[in-house]
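K.L.:
What follows is protein-v7.cif; its format and atoms are mmCIF, C-alpha atoms.
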data_upload
loop_
_atom_site.label_atom_id
_atom_site.label_comp_id
_atom_site.auth_asym_id
_atom_site.auth_seq_id
_atom_site.Cartn_x
_atom_site.Cartn_y
_atom_site.Cartn_z
CA MET Z 1 0.00 0.00 0.00
CA GLU Z 2 1.48 3.30 -1.14
CA PHE Z 3 1.15 6.39 1.01
CA LYS Z 4 1.25 9.76 -0.72
CA LYS Z 5 2.24 12.93 1.05
CA SER Z 6 -0.63 15.35 1.59
CA PRO Z 7 -0.31 18.41 -0.68
CA ASP Z 8 -0.81 20.69 2.32
CA GLY Z 9 1.80 18.90 4.42
CA GLY Z 10 -0.84 17.55 6.80
CA TRP Z 11 -1.73 21.04 8.00
CA GLY Z 12 -5.20 21.19 6.42
CA TRP Z 13 -7.01 19.78 9.45
CA VAL Z 14 -5.50 22.56 11.59
CA ILE Z 15 -6.85 25.20 9.20
CA VAL Z 16 -10.32 23.63 9.35
CA LEU Z 17 -10.24 23.45 13.15
CA VAL Z 18 -9.04 27.00 13.75
CA SER Z 19 -11.51 28.30 11.14
CA PHE Z 20 -14.30 26.70 13.14
CA PHE Z 21 -13.10 28.23 16.41
CA THR Z 22 -12.60 31.60 14.74
CA GLN Z 23 -16.23 31.61 13.60
CA PHE Z 24 -17.24 30.28 17.00
CA LEU Z 25 -15.48 33.08 18.85
CA CYS Z 26 -16.36 35.85 16.39
CA TYR Z 27 -20.08 35.26 16.03
CA GLY Z 28 -21.09 33.10 18.98
CA SER Z 29 -21.16 35.94 21.50
CA PRO Z 30 -22.76 38.61 19.24
CA LEU Z 31 -25.57 36.26 18.23
CA ALA Z 32 -26.15 35.21 21.85
CA VAL Z 33 -26.33 38.82 22.96
CA GLY Z 34 -30.02 38.35 23.80
CA VAL Z 35 -28.97 37.06 27.22
CA LEU Z 36 -27.10 40.33 27.83
CA TYR Z 37 -29.96 42.39 26.39
CA ILE Z 38 -32.06 41.92 29.54
CA GLU Z 39 -29.14 42.96 31.75
CA TRP Z 40 -28.55 46.08 29.66
CA LEU Z 41 -32.21 47.02 29.99
CA ASP Z 42 -31.98 46.77 33.77
CA SER Z 43 -28.57 48.45 34.04
CA PHE Z 44 -29.11 51.48 31.80
CA GLY Z 45 -32.87 51.93 32.03
CA GLU Z 46 -33.20 52.86 28.35
CA GLY Z 47 -36.03 51.92 26.02
CA LYS Z 48 -36.03 48.57 24.26
CA GLY Z 49 -35.65 50.17 20.82
CA ARG Z 50 -32.49 52.08 21.75
CA THR Z 51 -30.97 49.19 23.71
CA ALA Z 52 -31.59 46.78 20.82
CA TRP Z 53 -29.12 48.73 18.68
CA VAL Z 54 -26.23 47.18 20.64
CA GLY Z 55 -27.06 43.60 19.75
CA SER Z 56 -28.32 44.34 16.25
CA LEU Z 57 -25.15 46.15 15.20
CA ALA Z 58 -22.97 43.44 16.74
CA SER Z 59 -24.78 40.78 14.69
CA GLY Z 60 -25.32 42.77 11.52
CA VAL Z 61 -21.62 42.99 10.68
CA GLY Z 62 -21.27 39.25 10.18
CA LEU Z 63 -23.49 36.39 9.10
CA LEU Z 64 -23.85 32.75 10.05
CA ALA Z 65 -21.19 30.07 9.78
CA SER Z 66 -20.16 27.81 12.64
CA SER Z 67 -21.83 30.53 14.69
CA SER Z 68 -24.86 28.27 15.30
CA VAL Z 69 -22.86 26.15 17.74
CA GLY Z 70 -21.37 29.31 19.22
CA LEU Z 71 -24.85 30.73 19.73
CA PHE Z 72 -25.95 27.57 21.53
CA ILE Z 73 -22.95 27.48 23.89
CA TYR Z 74 -22.50 31.20 24.46
CA ALA Z 75 -26.14 31.74 25.47
CA ALA Z 76 -25.86 29.27 28.36
CA LEU Z 77 -22.31 30.36 29.22
CA GLN Z 78 -23.18 34.06 29.43
CA ARG Z 79 -26.15 33.36 31.69
CA LEU Z 80 -23.90 31.46 34.12
CA LEU Z 81 -21.24 34.18 34.00
CA ILE Z 82 -23.83 36.84 34.82
CA GLU Z 83 -25.04 34.83 37.85
CA PHE Z 84 -21.51 34.38 39.22
CA TYR Z 85 -19.71 37.59 38.21
CA GLY Z 86 -22.39 40.09 37.16
CA LEU Z 87 -22.67 41.90 33.84
CA ASP Z 88 -19.25 43.58 33.98
CA GLY Z 89 -17.44 40.35 34.87
CA CYS Z 90 -19.29 38.49 32.12
CA LEU Z 91 -18.23 41.04 29.50
CA LEU Z 92 -14.61 40.88 30.66
CA ILE Z 93 -14.51 37.08 30.44
CA VAL Z 94 -16.22 37.04 27.04
CA GLY Z 95 -13.73 39.64 25.81
CA ALA Z 96 -10.85 37.54 27.08
CA LEU Z 97 -12.23 34.49 25.26
CA ALA Z 98 -12.43 36.55 22.07
CA LEU Z 99 -8.67 37.17 22.29
CA ASN Z 100 -8.18 33.52 21.38
CA ILE Z 101 -8.97 34.60 17.82
CA LEU Z 102 -5.37 35.84 17.70
CA ALA Z 103 -4.09 32.37 18.57
CA CYS Z 104 -6.31 30.83 15.90
CA GLY Z 105 -5.10 33.35 13.35
CA SER Z 106 -1.45 32.61 14.12
CA LEU Z 107 -2.01 28.96 13.20
CA MET Z 108 -3.21 29.89 9.71
CA ARG Z 109 0.33 30.02 8.41
CA PRO Z 110 0.95 29.84 4.67
CA LEU Z 111 2.13 26.65 3.04
CA GLU Z 112 5.75 26.20 2.13
CA SER Z 113 6.75 28.04 -1.01
CA SER Z 114 6.83 25.93 -4.15
CA ASP Z 115 9.82 25.48 -6.43
CA CYS Z 116 8.12 27.39 -9.26
CA PRO Z 117 10.06 30.56 -10.15
CA LEU Z 118 8.40 33.87 -9.53
CA PRO Z 119 7.37 35.93 -12.54
CA GLU Z 120 10.09 38.28 -13.73
CA LYS Z 121 7.94 41.37 -14.02
CA THR Z 122 6.48 42.98 -10.95
CA ALA Z 123 3.00 44.43 -10.86
CA LEU Z 124 4.27 47.98 -11.29
CA GLU Z 125 6.49 47.09 -14.23
CA SER Z 126 3.80 45.22 -16.09
CA GLY Z 127 1.09 47.70 -15.11
CA PRO Z 128 1.12 50.01 -18.16
CA ALA Z 129 0.89 47.04 -20.52
CA ARG Z 130 -2.34 45.91 -18.88
CA TYR Z 131 -3.93 49.29 -19.37
CA SER Z 132 -3.34 49.48 -23.11
CA ILE Z 133 -6.99 48.70 -23.89
CA TYR Z 134 -8.01 52.32 -24.05
CA SER Z 135 -8.64 53.69 -27.51
CA GLU Z 136 -8.08 57.28 -26.46
CA LYS Z 137 -4.87 58.70 -27.85
CA GLU Z 138 -2.32 59.05 -25.06
CA LYS Z 139 0.61 61.39 -24.90
CA ASP Z 140 3.89 59.55 -25.15
CA LEU Z 141 6.54 59.77 -22.48
CA GLU Z 142 8.61 62.33 -24.38
CA GLU Z 143 5.65 64.68 -24.66
CA ASN Z 144 4.83 64.22 -20.97
CA THR Z 145 8.45 64.92 -20.14
CA ASN Z 146 8.42 68.15 -22.11
CA ILE Z 147 5.18 69.30 -20.50
CA LEU Z 148 6.37 68.51 -17.00
CA GLY Z 149 9.76 70.05 -17.73
CA LYS Z 150 8.41 73.46 -18.65
CA SER Z 151 7.62 74.53 -15.12
CA TYR Z 152 10.75 72.88 -13.75
CA GLY Z 153 13.16 74.46 -16.24
CA ALA Z 154 11.49 77.85 -16.57
CA GLU Z 155 12.88 79.22 -13.32
CA GLU Z 156 16.45 78.09 -13.96
CA THR Z 157 16.36 79.34 -17.55
CA CYS Z 158 15.24 82.77 -16.41
CA LYS Z 159 17.91 82.88 -13.73
CA SER Z 160 20.70 81.84 -16.07
CA THR Z 161 19.56 84.24 -18.79
CA LEU Z 162 19.36 87.22 -16.46
CA ALA Z 163 22.68 86.37 -14.86
CA SER Z 164 24.56 85.87 -18.12
CA GLY Z 165 22.87 88.55 -20.12
CA GLY Z 166 22.90 86.41 -23.26
CA ARG Z 167 23.48 83.07 -24.85
CA LYS Z 168 27.27 83.29 -24.64
CA GLN Z 169 27.37 83.17 -20.85
CA GLU Z 170 24.72 80.44 -20.84
CA SER Z 171 26.91 78.29 -23.12
CA LEU Z 172 29.87 78.94 -20.87
CA LEU Z 173 27.91 77.69 -17.90
CA LEU Z 174 26.97 74.53 -19.73
CA LYS Z 175 30.64 73.77 -20.26
CA ASN Z 176 31.06 73.57 -16.50
CA PRO Z 177 31.08 69.84 -15.49
CA ALA Z 178 28.99 70.53 -12.38
CA THR Z 179 26.34 72.26 -14.49
CA VAL Z 180 26.27 69.42 -17.01
CA ALA Z 181 25.86 66.82 -14.24
CA HIS Z 182 23.09 68.87 -12.70
CA ALA Z 183 21.32 69.09 -16.04
CA LYS Z 184 21.54 65.32 -16.59
CA GLU Z 185 20.22 64.70 -13.10
CA ALA Z 186 17.30 67.05 -13.70
CA GLU Z 187 16.53 65.34 -17.02
CA THR Z 188 16.56 61.89 -15.38
CA TYR Z 189 14.31 63.15 -12.62
CA LYS Z 190 11.85 64.61 -15.14
CA LYS Z 191 11.69 61.32 -17.03
CA LYS Z 192 10.98 59.37 -13.85
CA VAL Z 193 8.24 61.79 -12.87
CA ALA Z 194 6.74 61.55 -16.36
CA GLU Z 195 6.75 57.74 -16.24
CA GLN Z 196 5.10 57.68 -12.81
CA THR Z 197 2.53 60.25 -13.90
CA TYR Z 198 1.75 58.24 -17.00
CA PHE Z 199 1.29 55.06 -14.98
CA CYS Z 200 -0.90 56.76 -12.35
CA LYS Z 201 -3.06 58.22 -15.08
CA GLN Z 202 -3.55 54.82 -16.67
CA LEU Z 203 -4.24 53.25 -13.27
CA ALA Z 204 -6.86 55.88 -12.44
CA LYS Z 205 -8.57 55.31 -15.79
CA ARG Z 206 -8.52 51.57 -15.24
CA LYS Z 207 -10.10 51.95 -11.78
CA TRP Z 208 -12.76 54.24 -13.19
CA GLN Z 209 -13.49 51.72 -15.92
CA LEU Z 210 -13.84 48.97 -13.29
CA TYR Z 211 -16.30 51.08 -11.31
CA LYS Z 212 -18.34 51.72 -14.44
CA ASP Z 213 -18.37 48.01 -15.25
CA TYR Z 214 -19.41 47.19 -11.68
CA CYS Z 215 -22.32 49.64 -11.81
CA GLY Z 216 -23.35 48.25 -15.19
CA GLU Z 217 -23.30 44.68 -13.88
CA THR Z 218 -25.31 45.72 -10.82
CA VAL Z 219 -27.99 47.32 -12.99
CA ALA Z 220 -28.05 44.18 -15.15
CA LEU Z 221 -28.56 42.02 -12.04
CA PHE Z 222 -31.57 44.02 -10.91
CA LYS Z 223 -33.13 43.67 -14.36
CA ASN Z 224 -33.53 40.01 -13.41
CA LYS Z 225 -36.97 39.94 -11.76
CA VAL Z 226 -36.23 36.88 -9.66
CA PHE Z 227 -33.02 38.44 -8.32
CA SER Z 228 -34.84 41.66 -7.46
CA ALA Z 229 -37.50 39.66 -5.62
CA LEU Z 230 -34.76 37.68 -3.84
CA PHE Z 231 -33.16 40.96 -2.80
CA ILE Z 232 -36.45 42.19 -1.29
CA ALA Z 233 -37.10 38.82 0.37
CA ILE Z 234 -33.71 38.57 2.10
CA PHE Z 235 -33.92 42.17 3.31
CA LEU Z 236 -37.42 41.71 4.77
CA PHE Z 237 -36.46 38.29 6.13
CA ASP Z 238 -33.62 39.77 8.17
CA ILE Z 239 -35.73 42.68 9.39
CA GLY Z 240 -38.45 40.36 10.66
CA GLY Z 241 -36.67 37.05 11.25
CA PHE Z 242 -33.62 38.14 13.22
CA PRO Z 243 -35.25 39.92 16.26
CA PRO Z 244 -36.31 36.65 18.00
CA SER Z 245 -32.68 35.62 18.48
CA LEU Z 246 -32.11 38.86 20.35
CA LEU Z 247 -35.43 39.43 22.09
CA MET Z 248 -36.84 35.99 22.99
CA GLU Z 249 -35.45 36.10 26.53
CA ASP Z 250 -37.19 39.42 27.12
CA VAL Z 251 -40.34 38.08 25.45
CA ALA Z 252 -40.37 35.27 28.02
CA ARG Z 253 -39.99 37.75 30.88
CA SER Z 254 -42.76 39.95 29.43
CA SER Z 255 -45.00 36.85 29.28
CA ASN Z 256 -44.45 36.34 33.03
CA VAL Z 257 -42.47 33.12 32.57
CA LYS Z 258 -40.62 32.38 35.81
CA GLU Z 259 -36.85 31.96 35.73
CA GLU Z 260 -37.20 28.57 37.38
CA GLU Z 261 -39.09 27.34 34.31
CA LEU Z 262 -36.30 28.32 31.92
CA ILE Z 263 -34.68 24.88 31.71
CA MET Z 264 -32.60 25.97 28.73
CA PRO Z 265 -32.18 29.51 27.37
CA LEU Z 266 -34.50 30.10 24.45
CA ILE Z 267 -31.59 31.52 22.47
CA SER Z 268 -29.69 28.24 22.94
CA ILE Z 269 -32.67 26.38 21.47
CA ILE Z 270 -32.62 28.73 18.47
CA GLY Z 271 -28.89 28.15 18.03
CA ILE Z 272 -28.92 24.34 18.10
CA MET Z 273 -31.98 24.14 15.86
CA THR Z 274 -30.34 26.50 13.38
CA ALA Z 275 -27.48 24.02 13.03
CA VAL Z 276 -29.99 21.17 12.54
CA GLY Z 277 -31.91 23.24 9.99
CA LYS Z 278 -28.80 24.00 7.98
CA LEU Z 279 -27.98 20.31 7.78
CA LEU Z 280 -31.45 19.00 6.92
CA LEU Z 281 -32.40 21.78 4.50
CA GLY Z 282 -29.07 21.30 2.75
CA ILE Z 283 -29.82 17.59 2.38
CA LEU Z 284 -33.31 18.35 1.00
CA ALA Z 285 -31.81 20.74 -1.54
CA ASP Z 286 -29.76 17.85 -2.97
CA PHE Z 287 -32.86 15.96 -4.09
CA LYS Z 288 -33.48 16.52 -7.78
CA TRP Z 289 -37.25 16.47 -7.42
CA ILE Z 290 -37.21 19.41 -4.97
CA ASN Z 291 -37.23 22.93 -6.38
CA THR Z 292 -34.79 24.77 -4.13
CA LEU Z 293 -36.32 28.17 -4.77
CA TYR Z 294 -39.75 26.96 -3.68
CA LEU Z 295 -38.15 25.27 -0.66
CA TYR Z 296 -36.64 28.60 0.33
CA VAL Z 297 -40.02 30.32 -0.16
CA ALA Z 298 -41.66 27.67 2.06
CA THR Z 299 -39.21 28.44 4.88
CA LEU Z 300 -40.07 32.14 4.64
CA VAL Z 301 -43.84 31.55 4.72
CA ILE Z 302 -43.69 29.14 7.67
CA MET Z 303 -41.36 31.46 9.56
CA GLY Z 304 -43.73 34.37 8.99
CA LEU Z 305 -46.60 32.35 10.45
CA ALA Z 306 -44.47 31.27 13.43
CA LEU Z 307 -43.57 34.91 14.16
CA CYS Z 308 -47.24 35.87 14.12
CA ALA Z 309 -47.90 33.07 16.63
CA ILE Z 310 -45.43 34.41 19.24
CA PRO Z 311 -47.98 36.81 20.82
CA PHE Z 312 -50.19 33.81 21.62
CA ALA Z 313 -47.39 31.95 23.46
CA LYS Z 314 -47.73 32.49 27.20
CA SER Z 315 -45.68 29.61 28.59
CA TYR Z 316 -42.11 28.41 28.41
CA VAL Z 317 -43.07 25.24 26.50
CA THR Z 318 -44.84 27.10 23.70
CA LEU Z 319 -42.06 29.68 23.47
CA ALA Z 320 -39.47 26.86 23.34
CA ILE Z 321 -41.39 25.13 20.53
CA LEU Z 322 -41.65 28.35 18.54
CA SER Z 323 -37.96 29.08 19.18
CA GLY Z 324 -37.08 25.65 17.80
CA ILE Z 325 -39.22 26.21 14.69
CA LEU Z 326 -37.70 29.65 14.10
CA GLY Z 327 -34.19 28.31 14.61
CA PHE Z 328 -34.74 25.43 12.22
CA LEU Z 329 -36.12 27.74 9.52
CA THR Z 330 -33.25 30.18 10.01
CA GLY Z 331 -31.09 27.32 8.73
CA ASN Z 332 -32.28 28.28 5.24
CA TRP Z 333 -28.97 30.16 5.02
CA SER Z 334 -27.46 26.86 3.89
CA ILE Z 335 -29.55 26.81 0.68
CA PHE Z 336 -29.47 30.54 0.01
CA PRO Z 337 -26.15 30.46 -1.97
CA TYR Z 338 -27.56 27.65 -4.13
CA VAL Z 339 -30.73 29.64 -4.82
CA THR Z 340 -28.61 32.68 -5.73
CA THR Z 341 -26.47 30.60 -8.08
CA LYS Z 342 -29.49 29.19 -9.88
CA THR Z 343 -30.95 32.69 -10.20
CA VAL Z 344 -27.97 34.61 -11.61
CA GLY Z 345 -25.51 31.90 -12.70
CA ILE Z 346 -22.14 30.89 -11.31
CA GLU Z 347 -20.32 33.68 -13.20
CA LYS Z 348 -22.20 36.43 -11.36
CA LEU Z 349 -22.49 34.65 -8.01
CA ALA Z 350 -19.78 36.60 -6.18
CA HIS Z 351 -21.17 39.97 -7.26
CA ALA Z 352 -24.81 39.07 -6.57
CA TYR Z 353 -24.11 37.33 -3.26
CA GLY Z 354 -22.09 40.30 -2.02
CA ILE Z 355 -24.99 42.66 -2.70
CA LEU Z 356 -27.48 40.35 -1.00
CA MET Z 357 -25.29 39.83 2.06
CA PHE Z 358 -24.77 43.58 2.46
CA PHE Z 359 -28.51 44.20 2.66
CA ALA Z 360 -28.97 41.11 4.83
CA GLY Z 361 -26.57 42.66 7.35
CA LEU Z 362 -28.47 45.93 7.05
CA GLY Z 363 -31.71 44.10 7.83
CA ASN Z 364 -30.06 42.43 10.82
CA SER Z 365 -29.08 45.85 12.13
CA LEU Z 366 -32.51 47.45 11.63
CA GLY Z 367 -34.81 44.62 12.75
CA PRO Z 368 -34.34 44.53 16.55
CA PRO Z 369 -34.50 48.33 17.04
CA ILE Z 370 -37.71 48.50 15.01
CA VAL Z 371 -39.28 45.73 17.11
CA GLY Z 372 -38.05 47.45 20.27
CA TRP Z 373 -39.61 50.74 19.17
CA PHE Z 374 -42.92 48.97 18.63
CA TYR Z 375 -42.72 47.74 22.23
CA ASP Z 376 -41.87 51.20 23.55
CA TRP Z 377 -44.83 52.57 21.63
CA THR Z 378 -47.43 49.93 22.56
CA GLN Z 379 -45.88 48.42 25.75
CA THR Z 380 -46.39 44.93 24.29
CA TYR Z 381 -44.57 42.67 21.86
CA ASP Z 382 -47.78 41.66 20.07
CA THR Z 383 -47.74 44.41 17.43
CA ALA Z 384 -43.98 44.08 17.05
CA PHE Z 385 -44.09 40.39 16.11
CA TYR Z 386 -47.14 40.87 13.90
CA PHE Z 387 -45.00 43.38 12.03
CA SER Z 388 -42.06 40.94 11.91
CA GLY Z 389 -44.26 38.14 10.61
CA PHE Z 390 -45.81 40.44 8.00
CA CYS Z 391 -42.35 41.43 6.71
CA VAL Z 392 -41.22 37.83 6.28
CA LEU Z 393 -44.52 36.75 4.71
CA LEU Z 394 -44.46 39.70 2.33
CA GLY Z 395 -40.94 38.84 1.18
CA GLY Z 396 -41.89 35.18 0.70
CA PHE Z 397 -44.99 35.92 -1.36
CA ILE Z 398 -43.19 38.49 -3.53
CA LEU Z 399 -40.51 35.91 -4.32
CA LEU Z 400 -43.11 33.21 -4.96
CA LEU Z 401 -45.22 35.33 -7.32
CA THR Z 402 -42.14 36.52 -9.20
CA ALA Z 403 -40.74 33.01 -9.59
CA LEU Z 404 -43.96 31.36 -10.77
CA PRO Z 405 -43.71 32.48 -14.42
CA SER Z 406 -40.08 31.31 -14.54
CA CYS Z 407 -40.41 27.87 -13.03
CA ASN Z 408 -37.33 26.70 -14.90
CA THR Z 409 -35.04 28.98 -12.88
CA CYS Z 410 -34.18 26.24 -10.39
CA ASN Z 411 -35.06 23.25 -12.56
CA LYS Z 412 -33.34 21.54 -15.41
CA LEU Z 413 -33.78 23.03 -18.82
CA LEU Z 414 -36.54 21.42 -20.83
CA PRO Z 415 -35.29 19.27 -23.71
CA LYS Z 416 -35.23 21.06 -27.00
CA PRO Z 417 -37.80 19.86 -29.56
CA ALA Z 418 -36.46 17.76 -32.37
CA PRO Z 419 -35.88 19.74 -35.58
CA SER Z 420 -38.57 19.42 -38.20
CA THR Z 421 -37.71 17.18 -41.14
CA PHE Z 422 -38.92 17.64 -44.70
CA LEU Z 423 -38.97 15.05 -47.46
CA TYR Z 424 -38.37 16.07 -51.04
CA LYS Z 425 -39.15 14.03 -54.16
CA VAL Z 426 -37.10 14.36 -57.31
CA THR Z 427 -39.34 14.97 -60.34
CA SER Z 428 -38.68 12.99 -63.48
CA ASN Z 429 -37.83 14.77 -66.73
CA VAL Z 430 -39.51 12.07 -68.82
#
When written as structure tokens, how does the structure in this file appear?
P.N.:
Amino acid sequence: MEFKKSPDGGWGWVIVLVSFFTQFLCYGSPLAVGVLYIEWLDSFGEGKGRTAWVGSLASGVGLLASSSVGLFIYAALQRLLIEFYGLDGCLLIVGALALNILACGSLMRPLESSDCPLPEKTALESGPARYSIYSEKEKDLEENTNILGKSYGAEETCKSTLASGGRKQESLLLKNPATVAHAKEAETYKKKVAEQTYFCKQLAKRKWQLYKDYCGETVALFKNKVFSALFIAIFLFDIGGFPPSLLMEDVARSSNVKEEELIMPLISIIGIMTAVGKLLLGILADFKWINTLYLYVATLVIMGLALCAIPFAKSYVTLAILSGILGFLTGNWSIFPYVTTKTVGIEKLAHAYGILMFFAGLGNSLGPPIVGWFYDWTQTYDTAFYFSGFCVLLGGFILLLTALPSCNTCNKLLPKPAPSTFLYKVTSNV
């Protein structure tokens, strides 16, 4: 049996492990901030809408990865830390745990350099050649040198002319070796400045062209009706679907659920069920007979209904069940990249996914404060979660109605009809 050396030198498993812990440490605490939310309300005495900004901004800057496990563990851990050390001690310990990100990052060392020789030209040397696609007529280096040299040489020419009183003294000065060396040095300097100016000009034009292309591609993406509907759906989903992970603990307290009944933090239930949802929804998406876009729409519709049911939950058991359902449906993040790919194509995936994730983070940041403001206005979470459920339902139905005429977006292309055949008979000349 022949053993082959791993191409990564056996270091790949370390990268996977530290990547997991990096996600765990980065996003576990921000997503489990709902446990701290209650303490902040009691400590600062501010309204729920203003206090919710802390958790929403912490979670809006990053989205889910191995954070589901982090959410499950951090929620229980932070509750214990608050009981033993108070809010300040809990924050200090959580901050100290976050410093382990540095240790994880130090293990992500690059692989050993290969034996392949480096390219001869550097980026700066080969830069002007890459920008030769412009059709506009450019000034050559000699012309740029002359233009740049006018201001540089004007002062010295005037000085030498006034001092000499004519061309004879000027020619005598040029015969001086020091003057000749100075002139050569000035000429070399002017050429270098001209070359750098030429390169910077080409680089600026190239960057401008890239920005124009990016804007054009963005406009082209939004001309796709399904992508536009997906954009609206993900934005509304994060506005309405994210607040439970931050506010469920306070919802339980507002529903007069006793602390003794809280066997497990509701946020921990959301976290573990999110991990289960990612796994199972990802498996369902692999079945050929399941339309992934409609599966994603189904998760939005069911989540919207579950959010509207929260005001009717008055016990820990019902809140725990709803938390599990919401967590499981939040696992639709695992199929969202696949839906995006089938909507815009693999070539435009990076561009489209970046736009969608930006507005998803924006929705994460806006959702909890809006729900908190509804509570401050009505002194109940009922209207707030009706609003959240309406947002998610609206996004789901918009996506569904937009996708119905284009059912082939997430399905295989229909087979092309066979070309029509025609028979011709040769007429006899007899």
K.L.:
List as a Markdown table every residue of region 261-369 of chain Z that is in contact with region 79-89 of chain Z, defined as an atom at most 12 Å from one of its atoms (using only C-alpha atoms), together with the nearest atom pair and the distance in Å rounded to one decimal, sorted by chain and then rising number.
P.N.:
| residue | atom | partner | partner_atom | distance |
| --- | --- | --- | --- | --- |
| Z:Leu262 | CA | Z:Arg79 | CA | 11.3 |
| Z:Met264 | CA | Z:Arg79 | CA | 10.2 |
| Z:Pro265 | CA | Z:Arg79 | CA | 8.4 |
| Z:Leu266 | CA | Z:Arg79 | CA | 11.5 |
| Z:Ile267 | CA | Z:Arg79 | CA | 10.9 |
| Z:Ser268 | CA | Z:Arg79 | CA | 10.7 |
K.L.:
Could you jot down the CA of Leu305 (chain Z) to CA of Phe237 (chain Z) separation for me, Å, one decimal place?
P.N.:
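Interatomic distance here is 12.5 Å.
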K.L.:
Mind checking which residues fall within 10 Å of region 377-383 of chain Z, counting all atoms listed in the file, ignoring those fewer than 5 positions away in the same chain, and posting them as a list in words?
P.N.:
Gly47, Lys48, Gly49, Leu247, Asp250, Val251, Ser254, Ser255, Leu307, Cys308, Ala309, Ile310, Pro311, Phe312, Val371, Gly372, Ser388 and Gly389 of chain Z
K.L.:
Going by the chain IDs and residue numbers used in this file, which residues fall under the PyMOL selection byres ((chain Z and resi 18) around 8)? Write them as a list in words.
P.N.:
Val14, Ile15, Val16, Leu17, Ser19, Phe20, Phe21, Thr22, Cys104, Gly105, Leu107 and Met108 of chain Z
K.L.:
What does the PyMOL selection byres ((chain Z and resi 394) around 12) select in this file, as a ChimeraX atom specification?
P.N.:
/Z:229-230,232-237,239-240,297,300-305,386-393,395-401
K.L.:
I need the output of the PyMOL selection byres ((chain Z and resi 223-228) around 8) for this file as a list in words; which residues are they?
P.N.:
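This file, filtered by the PyMOL selection byres ((chain Z and resi 223-228) around 8), leaves Val219, Ala220, Leu221, Phe222, Ala229, Leu230, Phe231, Ile232, Thr340, Thr343, Val344, Leu399, Thr402 and Ala403 of chain Z.
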K.L.:
Can I get the selection written as a PDB file, in the coordinates of the input, with C-alpha atoms?
P.N.:
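Now in part.pdb:
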ATOM      1  CA  VAL Z 219     -27.990  47.320 -12.990  1.00  0.00           C
ATOM      2  CA  ALA Z 220     -28.050  44.180 -15.150  1.00  0.00           C
ATOM      3  CA  LEU Z 221     -28.560  42.020 -12.040  1.00  0.00           C
ATOM      4  CA  PHE Z 222     -31.570  44.020 -10.910  1.00  0.00           C
ATOM      5  CA  ALA Z 229     -37.500  39.660  -5.620  1.00  0.00           C
ATOM      6  CA  LEU Z 230     -34.760  37.680  -3.840  1.00  0.00           C
ATOM      7  CA  PHE Z 231     -33.160  40.960  -2.800  1.00  0.00           C
ATOM      8  CA  ILE Z 232     -36.450  42.190  -1.290  1.00  0.00           C
ATOM      9  CA  THR Z 340     -28.610  32.680  -5.730  1.00  0.00           C
ATOM     10  CA  THR Z 343     -30.950  32.690 -10.200  1.00  0.00           C
ATOM     11  CA  VAL Z 344     -27.970  34.610 -11.610  1.00  0.00           C
ATOM     12  CA  LEU Z 399     -40.510  35.910  -4.320  1.00  0.00           C
ATOM     13  CA  THR Z 402     -42.140  36.520  -9.200  1.00  0.00           C
ATOM     14  CA  ALA Z 403     -40.740  33.010  -9.590  1.00  0.00           C
TER      15      ALA Z 403
END
K.L.:
Mind checking which residues fall within 7 Å of Tyr316 (chain Z), counting only C-alpha atoms, ignoring those fewer than 2 positions away in the same chain, and posting them as a list in words?
P.N.:
Val257, Glu261, Leu262, Thr318, Leu319 and Ala320 of chain Z
K.L.:
One decimal, Å: what's the distance from CA of Gly95 (chain Z) over to CA of Leu326 (chain Z), could you say?
P.N.:
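Straight-line distance from CA of Gly95 (chain Z) to CA of Leu326 (chain Z) works out to 28.5 Å.
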K.L.:
Would you work out the distance separating CA of Lys278 (chain Z) from CA of Trp333 (chain Z), expressed in Å to one decimal?
P.N.:
6.8 Å
K.L.:
Would you compute an axis-aligned box for region 192-210 of chain Z, covering every atom listed for it in the file with 3 Å of margin on each side, and report centre and edge lengths in Å to one decimal as lines of an AutoDock Vina configuration file?
P.N.:
center_x = -1.4
center_y = 55.4
center_z = -14.4
size_x = 30.8
size_y = 18.8
size_z = 11.2
K.L.:
Taking 4 positions as the minimum chain separation for residues in the same chain, which residues sit within 7 Å of Pro369 (chain Z) when counting only C-alpha atoms? Answer as a list in words.
P.N.:
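That gives Gly49, Arg50, Ala52, Trp53 and Trp373 of chain Z.
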K.L.:
Could you tell me which of Z:Leu102, Z:Leu25, Z:Gly271, Z:Leu203 comes closest to Gly331 (chain Z) if we count only C-alpha atoms?
P.N.:
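Looking at the shortest contact to Gly331 (chain Z), the residue is Z:Gly271.
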